[in-house]
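Next comes protein.txt, a file with compact mmCIF, C-alpha atoms.
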# COMPACT_ATOMS: atom_id res chain seq x y z
CA MET I 1364 0.00 0.00 0.00
CA LYS I 1365 2.81 2.40 0.91
CA ASN I 1366 4.58 1.66 -2.37
CA SER I 1367 1.39 2.38 -4.33
CA LYS I 1368 0.94 5.71 -2.51
CA PHE I 1369 4.53 6.70 -3.24
CA LEU I 1370 4.13 5.65 -6.87
CA PHE I 1371 0.95 7.73 -7.19
CA VAL I 1372 2.67 10.86 -5.88
CA ALA I 1373 5.80 10.31 -7.98
CA VAL I 1374 3.79 9.77 -11.17
CA SER I 1375 1.70 12.86 -10.41
CA PHE I 1376 4.78 15.06 -10.09
CA VAL I 1377 6.28 13.61 -13.28
CA LEU I 1378 3.04 14.33 -15.17
CA LEU I 1379 3.03 17.90 -13.83
CA ALA I 1380 6.61 18.32 -15.05
CA LEU I 1381 5.67 17.08 -18.52
CA LEU I 1382 2.37 18.96 -18.75
CA PRO I 1383 3.80 22.14 -20.39
CA LEU I 1384 4.82 19.95 -23.33
CA MET I 1385 1.21 18.83 -23.83
CA THR I 1386 -0.79 22.02 -23.26
CA GLY I 1387 -0.86 25.67 -24.23
CA GLN I 1388 -0.55 28.90 -22.29
CA TYR I 1389 -3.98 28.56 -20.69
CA GLY I 1390 -3.18 25.11 -19.33
CA VAL I 1391 0.17 26.25 -17.93
CA ASP I 1392 -1.49 29.22 -16.24
CA LEU I 1393 -4.31 27.11 -14.79
CA ILE I 1394 -2.08 24.36 -13.42
CA SER I 1395 0.30 26.96 -11.97
CA LYS I 1396 -2.62 28.42 -10.04
CA ILE I 1397 -3.76 24.99 -8.87
CA MET I 1398 -0.25 24.09 -7.67
CA ILE I 1399 -0.18 27.28 -5.61
CA PHE I 1400 -3.44 26.32 -3.95
CA ALA I 1401 -2.09 22.79 -3.44
CA ILE I 1402 0.76 24.31 -1.39
CA PHE I 1403 -1.82 26.36 0.49
CA ALA I 1404 -3.88 23.21 1.13
CA LEU I 1405 -0.79 21.37 2.40
CA SER I 1406 -0.25 24.13 4.94
CA LEU I 1407 -3.74 23.63 6.36
CA GLU I 1408 -3.47 19.84 6.18
CA LEU I 1409 -0.59 20.07 8.67
CA LEU I 1410 -2.97 21.70 11.16
CA VAL I 1411 -6.29 19.98 10.51
CA GLY I 1412 -5.36 16.53 9.27
CA SER I 1413 -2.11 15.99 11.17
CA THR I 1414 -2.63 17.91 14.42
CA GLY I 1415 -6.41 18.13 14.75
CA LEU I 1416 -6.52 21.94 14.84
CA VAL I 1417 -9.34 23.33 12.70
CA CYS I 1418 -8.08 26.79 11.74
CA PHE I 1419 -10.51 29.13 10.02
CA GLY I 1420 -8.02 31.95 9.54
CA GLN I 1421 -5.48 30.33 7.24
CA ALA I 1422 -6.13 32.93 4.55
CA ALA I 1423 -4.51 35.56 6.79
CA PHE I 1424 -1.08 33.94 6.40
CA PHE I 1425 -1.64 33.45 2.67
CA GLY I 1426 -2.63 37.09 2.26
CA ILE I 1427 0.24 38.40 4.39
CA GLY I 1428 2.72 36.52 2.21
CA ALA I 1429 1.08 37.99 -0.90
CA TYR I 1430 0.92 41.56 0.42
CA ALA I 1431 4.50 41.41 1.70
CA THR I 1432 5.62 40.41 -1.79
CA VAL I 1433 4.09 43.54 -3.32
CA LEU I 1434 4.85 46.00 -0.51
CA LEU I 1435 8.51 45.00 -0.21
CA SER I 1436 9.20 44.99 -3.95
CA PRO I 1437 10.89 48.18 -5.27
CA GLN I 1438 8.94 50.46 -7.61
CA ASP I 1439 11.76 50.40 -10.15
CA GLY I 1440 13.83 47.35 -10.87
CA ALA I 1441 13.15 43.68 -10.25
CA PRO I 1442 13.44 42.49 -6.62
CA ALA I 1443 15.95 39.77 -5.78
CA LEU I 1444 14.28 36.42 -5.17
CA LEU I 1445 16.89 35.34 -2.62
CA TRP I 1446 15.84 37.92 -0.04
CA LEU I 1447 12.20 38.60 -0.98
CA LEU I 1448 10.95 35.01 -0.72
CA PRO I 1449 12.38 34.28 2.76
CA VAL I 1450 11.17 37.64 4.10
CA CYS I 1451 7.61 37.01 2.86
CA VAL I 1452 7.57 33.52 4.38
CA LEU I 1453 8.98 34.94 7.62
CA ALA I 1454 6.33 37.67 7.74
CA ALA I 1455 3.56 35.08 7.54
CA ALA I 1456 5.30 32.85 10.09
CA VAL I 1457 5.72 35.74 12.58
CA TYR I 1458 2.01 36.56 12.36
CA ALA I 1459 1.24 32.85 12.79
CA LEU I 1460 3.42 32.87 15.92
CA LEU I 1461 1.40 35.75 17.34
CA VAL I 1462 -1.95 34.19 16.43
CA GLY I 1463 -0.94 30.73 17.60
CA ALA I 1464 0.50 31.90 20.91
CA LEU I 1465 -2.90 33.33 21.85
CA SER I 1466 -5.40 31.11 20.03
CA LEU I 1467 -3.85 27.79 21.11
CA ARG I 1468 -4.82 28.58 24.69
CA THR I 1469 -8.41 27.93 23.59
CA LYS I 1470 -10.01 24.75 22.28
CA GLY I 1471 -12.74 23.57 19.96
CA VAL I 1472 -15.11 26.14 18.54
CA TYR I 1473 -13.40 28.89 20.54
CA PHE I 1474 -10.12 28.15 18.74
CA ILE I 1475 -11.92 28.34 15.40
CA MET I 1476 -13.50 31.69 16.28
CA VAL I 1477 -10.26 33.21 17.58
CA THR I 1478 -8.32 32.28 14.43
CA LEU I 1479 -11.17 33.71 12.34
CA ALA I 1480 -11.07 36.93 14.40
CA PHE I 1481 -7.33 37.37 13.82
CA ALA I 1482 -7.84 36.79 10.09
CA GLN I 1483 -10.58 39.41 9.99
CA MET I 1484 -8.27 41.86 11.79
CA ALA I 1485 -5.70 41.39 9.04
CA TYR I 1486 -8.44 41.74 6.44
CA TYR I 1487 -9.61 45.11 7.78
CA VAL I 1488 -6.03 46.40 8.02
CA VAL I 1489 -5.52 45.99 4.26
CA HIS I 1490 -9.14 46.84 3.42
CA ASP I 1491 -9.55 50.05 5.43
CA THR I 1492 -6.06 51.59 5.43
CA PRO I 1493 -3.80 53.04 2.73
CA LEU I 1494 -1.23 50.31 3.51
CA GLY I 1495 -3.02 47.69 1.42
CA GLY I 1496 -4.57 49.99 -1.16
CA GLY I 1497 -8.09 49.44 0.17
CA THR I 1498 -10.60 47.58 -1.96
CA ASP I 1499 -8.67 48.47 -5.13
CA GLY I 1500 -5.66 46.45 -4.04
CA ILE I 1501 -2.10 47.07 -5.23
CA TYR I 1502 -0.03 45.94 -8.20
CA LEU I 1503 3.36 44.26 -8.32
CA MET I 1504 5.44 46.45 -10.62
CA SER I 1505 8.17 43.91 -11.38
CA LYS I 1506 8.52 40.22 -10.65
CA PRO I 1507 11.45 38.68 -8.71
CA VAL I 1508 14.56 37.42 -10.44
CA LEU I 1509 17.58 35.38 -9.44
CA GLY I 1510 20.28 37.15 -11.41
CA THR I 1511 20.18 35.93 -14.98
CA LEU I 1512 19.33 32.37 -13.93
CA LEU I 1513 15.68 32.76 -13.00
CA ASP I 1514 13.09 35.26 -14.19
CA LEU I 1515 9.65 34.58 -12.72
CA ASP I 1516 8.04 36.87 -15.27
CA LYS I 1517 8.38 34.04 -17.81
CA PRO I 1518 5.39 31.64 -17.56
CA LEU I 1519 7.34 28.41 -18.06
CA VAL I 1520 10.05 29.47 -15.60
CA PHE I 1521 7.39 30.38 -13.04
CA TYR I 1522 5.64 27.05 -13.66
CA GLY I 1523 8.85 25.12 -13.01
CA PHE I 1524 9.63 27.17 -9.90
CA THR I 1525 6.12 26.60 -8.52
CA LEU I 1526 6.37 22.87 -9.16
CA ALA I 1527 9.75 22.80 -7.39
CA CYS I 1528 8.20 24.60 -4.41
CA LEU I 1529 5.29 22.13 -4.34
CA ILE I 1530 7.64 19.13 -4.42
CA GLY I 1531 9.84 20.74 -1.76
CA VAL I 1532 6.90 21.44 0.58
CA PHE I 1533 5.46 17.94 0.08
CA GLY I 1534 8.86 16.33 0.75
CA PHE I 1535 9.49 18.52 3.80
CA LEU I 1536 6.11 17.70 5.35
CA THR I 1537 6.54 13.99 4.59
CA LEU I 1538 9.84 13.93 6.49
CA LEU I 1539 8.43 16.12 9.25
CA LEU I 1540 5.43 13.87 9.87
CA ARG I 1541 7.61 10.77 9.95
CA SER I 1542 9.91 12.30 12.55
CA HIS I 1543 9.54 12.33 16.34
CA PHE I 1544 7.85 15.72 15.97
CA GLY I 1545 5.31 14.31 13.52
CA ARG I 1546 4.52 11.34 15.75
CA ALA I 1547 3.94 13.77 18.63
CA LEU I 1548 1.47 15.71 16.45
CA ALA I 1549 -0.34 12.47 15.59
CA GLY I 1550 -0.60 11.67 19.28
CA ILE I 1551 -2.03 15.12 19.97
CA ARG I 1552 -4.61 14.64 17.24
CA VAL I 1553 -5.73 11.27 18.60
CA ASN I 1554 -5.73 12.06 22.34
CA GLU I 1555 -4.07 15.20 23.67
CA GLN I 1556 -4.95 14.37 27.29
CA ARG I 1557 -3.11 11.06 27.06
CA MET I 1558 -0.07 12.81 25.56
CA ARG I 1559 0.00 15.15 28.54
CA ALA I 1560 -0.34 12.24 30.91
CA THR I 1561 2.76 10.62 29.37
CA GLY I 1562 4.81 13.76 30.04
CA PHE I 1563 4.51 15.67 26.77
CA SER I 1564 4.05 19.42 26.87
CA THR I 1565 1.71 19.65 23.90
CA TYR I 1566 1.53 23.44 23.61
CA PRO I 1567 5.04 23.91 22.07
CA TYR I 1568 4.36 21.19 19.52
CA LYS I 1569 1.07 22.75 18.47
CA LEU I 1570 2.63 26.21 18.31
CA ALA I 1571 5.53 24.96 16.17
CA ALA I 1572 3.06 23.26 13.80
CA PHE I 1573 1.03 26.47 13.64
CA VAL I 1574 4.09 28.57 12.74
CA ILE I 1575 5.30 26.09 10.11
CA SER I 1576 1.81 26.01 8.62
CA GLY I 1577 1.70 29.82 8.50
CA GLY I 1578 5.08 29.98 6.79
CA ILE I 1579 4.02 27.49 4.10
CA ALA I 1580 0.81 29.46 3.53
CA GLY I 1581 2.98 32.59 3.19
CA LEU I 1582 5.01 30.82 0.49
CA ALA I 1583 1.78 30.10 -1.39
CA GLY I 1584 0.78 33.75 -1.00
CA PHE I 1585 4.14 34.87 -2.41
CA LEU I 1586 3.68 32.66 -5.47
CA PHE I 1587 0.13 33.88 -5.98
CA ALA I 1588 1.19 37.54 -5.90
CA VAL I 1589 4.00 36.87 -8.37
CA LYS I 1590 1.70 34.96 -10.70
CA ASP I 1591 -1.13 37.51 -10.80
CA GLY I 1592 0.96 40.63 -10.20
CA PHE I 1593 -1.90 41.97 -8.10
CA VAL I 1594 -3.27 41.55 -4.57
CA ASN I 1595 -6.52 42.67 -2.92
CA PRO I 1596 -8.26 42.12 0.43
CA GLU I 1597 -10.15 39.08 -0.87
CA LEU I 1598 -6.93 37.10 -0.38
CA ILE I 1599 -7.44 37.41 3.40
CA SER I 1600 -11.21 36.92 3.49
CA TRP I 1601 -12.81 34.06 5.40
CA HIS I 1602 -14.23 32.76 2.11
CA LEU I 1603 -10.74 31.70 1.04
CA SER I 1604 -10.12 29.97 4.37
CA GLY I 1605 -13.37 28.07 3.80
CA GLU I 1606 -12.37 27.07 0.28
CA VAL I 1607 -9.02 25.62 1.31
CA LEU I 1608 -10.73 23.74 4.15
CA ILE I 1609 -13.13 22.24 1.60
CA MET I 1610 -10.13 21.23 -0.53
CA ILE I 1611 -8.53 19.10 2.17
CA ILE I 1612 -11.86 17.56 3.19
CA LEU I 1613 -12.64 16.77 -0.46
CA GLY I 1614 -9.22 15.18 -0.92
CA GLY I 1615 -9.26 13.30 2.39
CA LEU I 1616 -8.07 14.40 5.82
CA GLY I 1617 -4.98 12.78 7.25
CA HIS I 1618 -3.19 12.37 3.91
CA LEU I 1619 -0.74 14.81 2.35
CA ARG I 1620 -1.67 13.45 -1.05
CA GLY I 1621 -5.28 14.20 -0.14
CA ALA I 1622 -4.45 17.92 -0.01
CA LEU I 1623 -2.99 17.68 -3.52
CA ILE I 1624 -5.94 15.71 -4.87
CA GLY I 1625 -8.44 18.02 -3.19
CA ALA I 1626 -6.84 21.19 -4.55
CA PHE I 1627 -6.86 19.84 -8.10
CA ALA I 1628 -10.36 18.39 -7.80
CA PHE I 1629 -11.83 21.61 -6.39
CA ALA I 1630 -10.21 23.83 -9.02
CA LEU I 1631 -11.10 21.53 -11.92
CA LEU I 1632 -14.70 21.25 -10.69
CA GLN I 1633 -14.87 25.04 -10.70
CA GLU I 1634 -13.59 25.19 -14.26
CA PHE I 1635 -16.01 22.45 -15.31
CA PHE I 1636 -19.14 24.13 -13.94
CA LYS I 1637 -18.01 27.56 -15.23
CA SER I 1638 -17.76 26.23 -18.78
CA GLU I 1639 -20.38 27.85 -20.99
CA ALA I 1640 -19.56 25.34 -23.73
CA ILE I 1641 -20.92 22.57 -21.48
CA PHE I 1642 -23.61 24.27 -19.39
CA GLY I 1643 -24.53 27.29 -21.48
CA GLU I 1644 -26.42 29.93 -19.50
CA PHE I 1645 -26.42 27.72 -16.40
CA ALA I 1646 -22.66 28.32 -16.13
CA LYS I 1647 -23.54 31.62 -14.41
CA HIS I 1648 -24.81 29.53 -11.49
CA TRP I 1649 -21.67 27.42 -11.21
CA HIS I 1650 -21.71 27.68 -7.40
CA LEU I 1651 -24.81 25.46 -7.33
CA GLY I 1652 -23.19 22.67 -9.32
CA LEU I 1653 -19.98 22.90 -7.31
CA GLY I 1654 -21.88 22.80 -4.03
CA LEU I 1655 -23.93 19.77 -5.01
CA SER I 1656 -20.77 17.95 -6.14
CA ILE I 1657 -19.06 18.61 -2.82
CA ILE I 1658 -22.14 17.44 -0.86
CA ALA I 1659 -22.28 14.25 -2.94
CA SER I 1660 -18.57 13.66 -2.44
CA VAL I 1661 -18.76 14.06 1.33
CA ALA I 1662 -21.82 11.80 1.52
CA LEU I 1663 -20.50 9.03 -0.72
CA LEU I 1664 -16.76 9.30 0.05
CA PRO I 1665 -16.34 9.80 3.82
CA ARG I 1666 -12.58 9.29 3.51
CA GLY I 1667 -12.27 11.73 0.63
CA LEU I 1668 -10.95 11.13 -2.87
CA ALA I 1669 -7.64 9.83 -1.51
CA GLY I 1670 -9.53 7.00 0.19
CA VAL I 1671 -11.33 5.79 -2.95
CA PRO I 1672 -8.85 2.96 -3.78
CA GLU I 1673 -9.01 1.66 -0.20
CA GLN I 1674 -12.81 1.93 -0.15
CA VAL I 1675 -13.09 0.03 -3.44
CA ALA I 1676 -10.65 -2.65 -2.21
CA MET I 1677 -12.67 -3.12 1.00
CA ARG I 1678 -15.89 -3.56 -0.98
CA LEU I 1679 -14.25 -6.05 -3.32
CA ARG I 1680 -12.88 -8.04 -0.39
CA GLY I 1681 -16.30 -7.98 1.26
CA ARG I 1682 -18.01 -9.15 -1.93
CA SER I 1683 -15.41 -11.88 -2.41
CA GLY I 1684 -15.98 -13.05 1.16
CA ARG I 1685 -19.74 -13.25 0.63
CA VAL I 1686 -19.25 -15.30 -2.53
CA GLN I 1687 -17.01 -17.75 -0.66
CA ASP I 1688 -19.53 -18.02 2.17
CA ASP I 1689 -22.35 -18.72 -0.29
CA SER I 1690 -20.32 -21.39 -2.06
CA ALA I 1691 -19.64 -23.12 1.26
CA VAL I 1692 -23.37 -23.59 1.94
CA GLU I 1693 -24.60 -27.06 1.06
CA VAL I 1694 -27.64 -27.01 -1.16
CA PRO I 1695 -30.15 -29.72 -0.18
CA HIS I 1696 -31.16 -32.14 -2.91
CA GLY I 1697 -34.72 -33.27 -3.28
With the file now loaded, output its structure as structure tokens.
Amino acid sequence: MKNSKFLFVAVSFVLLALLPLMTGQYGVDLISKIMIFAIFALSLELLVGSTGLVCFGQAAFFGIGAYATVLLSPQDGAPALLWLLPVCVLAAAVYALLVGALSLRTKGVYFIMVTLAFAQMAYYVVHDTPLGGGTDGIYLMSKPVLGTLLDLDKPLVFYGFTLACLIGVFGFLTLLLRSHFGRALAGIRVNEQRMRATGFSTYPYKLAAFVISGGIAGLAGFLFAVKDGFVNPELISWHLSGEVLIMIILGGLGHLRGALIGAFAFALLQEFFKSEAIFGEFAKHWHLGLGLSIIASVALLPRGLAGVPEQVAMRLRGRSGRVQDDSAVEVPHG
């Protein structure tokens, strides 16, 4: 099973690397956007699926990374990637440290509401002050470069860089969750009281996970700002936090690959129901089709899309067992 999961992820990344050879500019742009949201989904998966912390303010870290990218970039001349990227990730991580230090002292629905409140605070800072340009947002005048080696203004270069970031984040989280730290997070998710009883101080572990998650979300925000060249307050709205939460639920909680699958499935479902070529005038009501699809998925696939192979295998084993039981019954002869 583990080998099949690894093979699935490896093949997926290889296909993403080859995709620019098989599609045009629109496909490259779309998949670049989806990969950014896959990184964003991975950041929330670390909290929700791996630690059991349902955060409803994840968009704040995403938006801070995006806004920092634009605000710190010079008006004339391309910013250097080597300093801009780490600073944007650090900005999101520092805010996550502040939010986590306070919100992790609460539990359950109170934790959800506190994280949402901090996200709304960040939203109103960029929405109601000149710092973030208000509702009009602000533009990125020039995109980062790495000398003459890397120019993120070129679509294919940006695509490759985004894919490298996605692979790097996935690999980092895989190693992290297999480490002692990751096992501690799994224990906290299953039974935090028992972890405390065995001598673990759970608060530092949860805070560290929160900060790492915020930094990864900041990386996704950086990539989004570079891709679109524009940021606005909607990047910090609670709607975006809800969307990324739907992504990881759709893909399957507790699996890193589920975050990837969920991000792609959610984005492709959006594109499908928005297609006027398929739905005609009904495409204007694409939210309805998307919502019904998500409801059906949650009802029929409780383990998410990542759990479909396992669910199918269990049903096949169950059916095979019933057939064997039936064949073992002696049929009376008249």
Which value, in Å to one decimal, gives the distance between CA of Glu1606 (chain I) and CA of Asp1591 (chain I)? 18.9 Å
When you look at Ala1572 (chain I) with a cut-off of 10 Å (counting only C-alpha atoms), what residues show up, excluding the ones that are within fewer than 3 positions of it in the same chain? I need them as a list in words.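 With the cut-off at 10 Å, the set is Ser1406, Leu1409, Leu1410, Ser1413, Thr1414, Leu1416, Ala1459, Leu1460, Gly1463, Phe1544, Gly1545, Leu1548, Tyr1566, Pro1567, Tyr1568, Lys1569, Ile1575, Ser1576, Gly1577 and Gly1578 of chain I.
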Per residue of region 1482-1592 of chain I within 9 Å of region 1380-1398 of chain I, which atom pair is closest and at what distance in Å (one decimal), using only C-alpha atoms, listed by chain and increasing number, as a Markdown table?
| residue | atom | partner | partner_atom | distance |
| --- | --- | --- | --- | --- |
| I:Pro1518 | CA | I:Asp1392 | CA | 7.4 |
| I:Leu1519 | CA | I:Val1391 | CA | 7.5 |
| I:Phe1521 | CA | I:Ser1395 | CA | 7.9 |
| I:Tyr1522 | CA | I:Ser1395 | CA | 5.6 |
| I:Gly1523 | CA | I:Ala1380 | CA | 7.4 |
| I:Thr1525 | CA | I:Ser1395 | CA | 6.8 |
| I:Leu1526 | CA | I:Met1398 | CA | 6.9 |
| I:Leu1529 | CA | I:Met1398 | CA | 6.8 |
| I:Ala1583 | CA | I:Met1398 | CA | 8.9 |
| I:Leu1586 | CA | I:Lys1396 | CA | 8.9 |
| I:Phe1587 | CA | I:Lys1396 | CA | 7.3 |
| I:Lys1590 | CA | I:Lys1396 | CA | 7.9 |
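Distances to Ser1505 (chain I) were evaluated for I:Ala1441, I:Leu1655, I:Ala1423, I:Val1589 using only C-alpha atoms, and the minimum falls at I:Ala1441.
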Set the distance at 10 Å and use all atoms listed in the file: which residues neighbour region 1615-1628 of chain I once local chain neighbours fewer than 6 positions away are removed? I'd like the list as a ChimeraX atom specification. /I:1368-1369,1371-1372,1375,1394,1396-1415,1529,1533-1534,1536-1537,1540,1549,1606-1609,1634,1661,1664-1671
In Å to one decimal, how far is CA of Leu1663 (chain I) from CA of Ala1422 (chain I)? 28.4 Å
Complete region 1505-1523 of chain I with N, CA and C atoms (output as an mmCIF file, keeping the file's coordinate frame).
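Now in result.cif:
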data_model
loop_
_atom_site.group_PDB
_atom_site.id
_atom_site.type_symbol
_atom_site.label_atom_id
_atom_site.label_comp_id
_atom_site.auth_asym_id
_atom_site.auth_seq_id
_atom_site.Cartn_x
_atom_site.Cartn_y
_atom_site.Cartn_z
ATOM 1 N N SER I 1505 7.209 44.783 -10.700
ATOM 2 C CA SER I 1505 8.170 43.910 -11.380
ATOM 3 C C SER I 1505 8.331 42.619 -10.601
ATOM 4 N N LYS I 1506 8.482 41.536 -11.287
ATOM 5 C CA LYS I 1506 8.520 40.220 -10.650
ATOM 6 C C LYS I 1506 9.954 39.836 -10.282
ATOM 7 N N PRO I 1507 10.105 39.022 -9.212
ATOM 8 C CA PRO I 1507 11.450 38.680 -8.710
ATOM 9 C C PRO I 1507 12.292 37.928 -9.726
ATOM 10 N N VAL I 1508 13.594 38.118 -9.589
ATOM 11 C CA VAL I 1508 14.560 37.420 -10.440
ATOM 12 C C VAL I 1508 15.682 36.873 -9.559
ATOM 13 N N LEU I 1509 16.386 35.909 -10.083
ATOM 14 C CA LEU I 1509 17.580 35.380 -9.440
ATOM 15 C C LEU I 1509 18.737 35.572 -10.411
ATOM 16 N N GLY I 1510 19.237 36.808 -10.447
ATOM 17 C CA GLY I 1510 20.280 37.150 -11.410
ATOM 18 C C GLY I 1510 19.769 36.936 -12.825
ATOM 19 N N THR I 1511 20.590 36.267 -13.619
ATOM 20 C CA THR I 1511 20.180 35.930 -14.980
ATOM 21 C C THR I 1511 19.697 34.477 -15.086
ATOM 22 N N LEU I 1512 19.672 33.785 -13.929
ATOM 23 C CA LEU I 1512 19.330 32.370 -13.930
ATOM 24 C C LEU I 1512 17.824 32.121 -13.908
ATOM 25 N N LEU I 1513 17.093 33.018 -13.242
ATOM 26 C CA LEU I 1513 15.680 32.760 -13.000
ATOM 27 C C LEU I 1513 14.893 34.055 -13.105
ATOM 28 N N ASP I 1514 13.956 34.103 -14.023
ATOM 29 C CA ASP I 1514 13.090 35.260 -14.190
ATOM 30 C C ASP I 1514 11.644 34.784 -14.092
ATOM 31 N N LEU I 1515 10.994 35.085 -12.966
ATOM 32 C CA LEU I 1515 9.650 34.580 -12.720
ATOM 33 C C LEU I 1515 8.588 35.289 -13.546
ATOM 34 N N ASP I 1516 8.996 36.221 -14.373
ATOM 35 C CA ASP I 1516 8.040 36.870 -15.270
ATOM 36 C C ASP I 1516 7.760 35.993 -16.489
ATOM 37 N N LYS I 1517 8.577 34.964 -16.694
ATOM 38 C CA LYS I 1517 8.380 34.040 -17.810
ATOM 39 C C LYS I 1517 7.480 32.888 -17.341
ATOM 40 N N PRO I 1518 6.365 32.640 -18.022
ATOM 41 C CA PRO I 1518 5.390 31.640 -17.560
ATOM 42 C C PRO I 1518 5.972 30.251 -17.319
ATOM 43 N N LEU I 1519 6.798 29.751 -18.230
ATOM 44 C CA LEU I 1519 7.340 28.410 -18.060
ATOM 45 C C LEU I 1519 8.333 28.346 -16.902
ATOM 46 N N VAL I 1520 9.107 29.417 -16.725
ATOM 47 C CA VAL I 1520 10.050 29.470 -15.600
ATOM 48 C C VAL I 1520 9.273 29.497 -14.285
ATOM 49 N N PHE I 1521 8.213 30.305 -14.251
ATOM 50 C CA PHE I 1521 7.390 30.380 -13.040
ATOM 51 C C PHE I 1521 6.727 29.033 -12.766
ATOM 52 N N TYR I 1522 6.259 28.370 -13.812
ATOM 53 C CA TYR I 1522 5.640 27.050 -13.660
ATOM 54 C C TYR I 1522 6.623 26.066 -13.019
ATOM 55 N N GLY I 1523 7.842 26.028 -13.555
ATOM 56 C CA GLY I 1523 8.850 25.120 -13.010
ATOM 57 C C GLY I 1523 9.214 25.460 -11.580
#
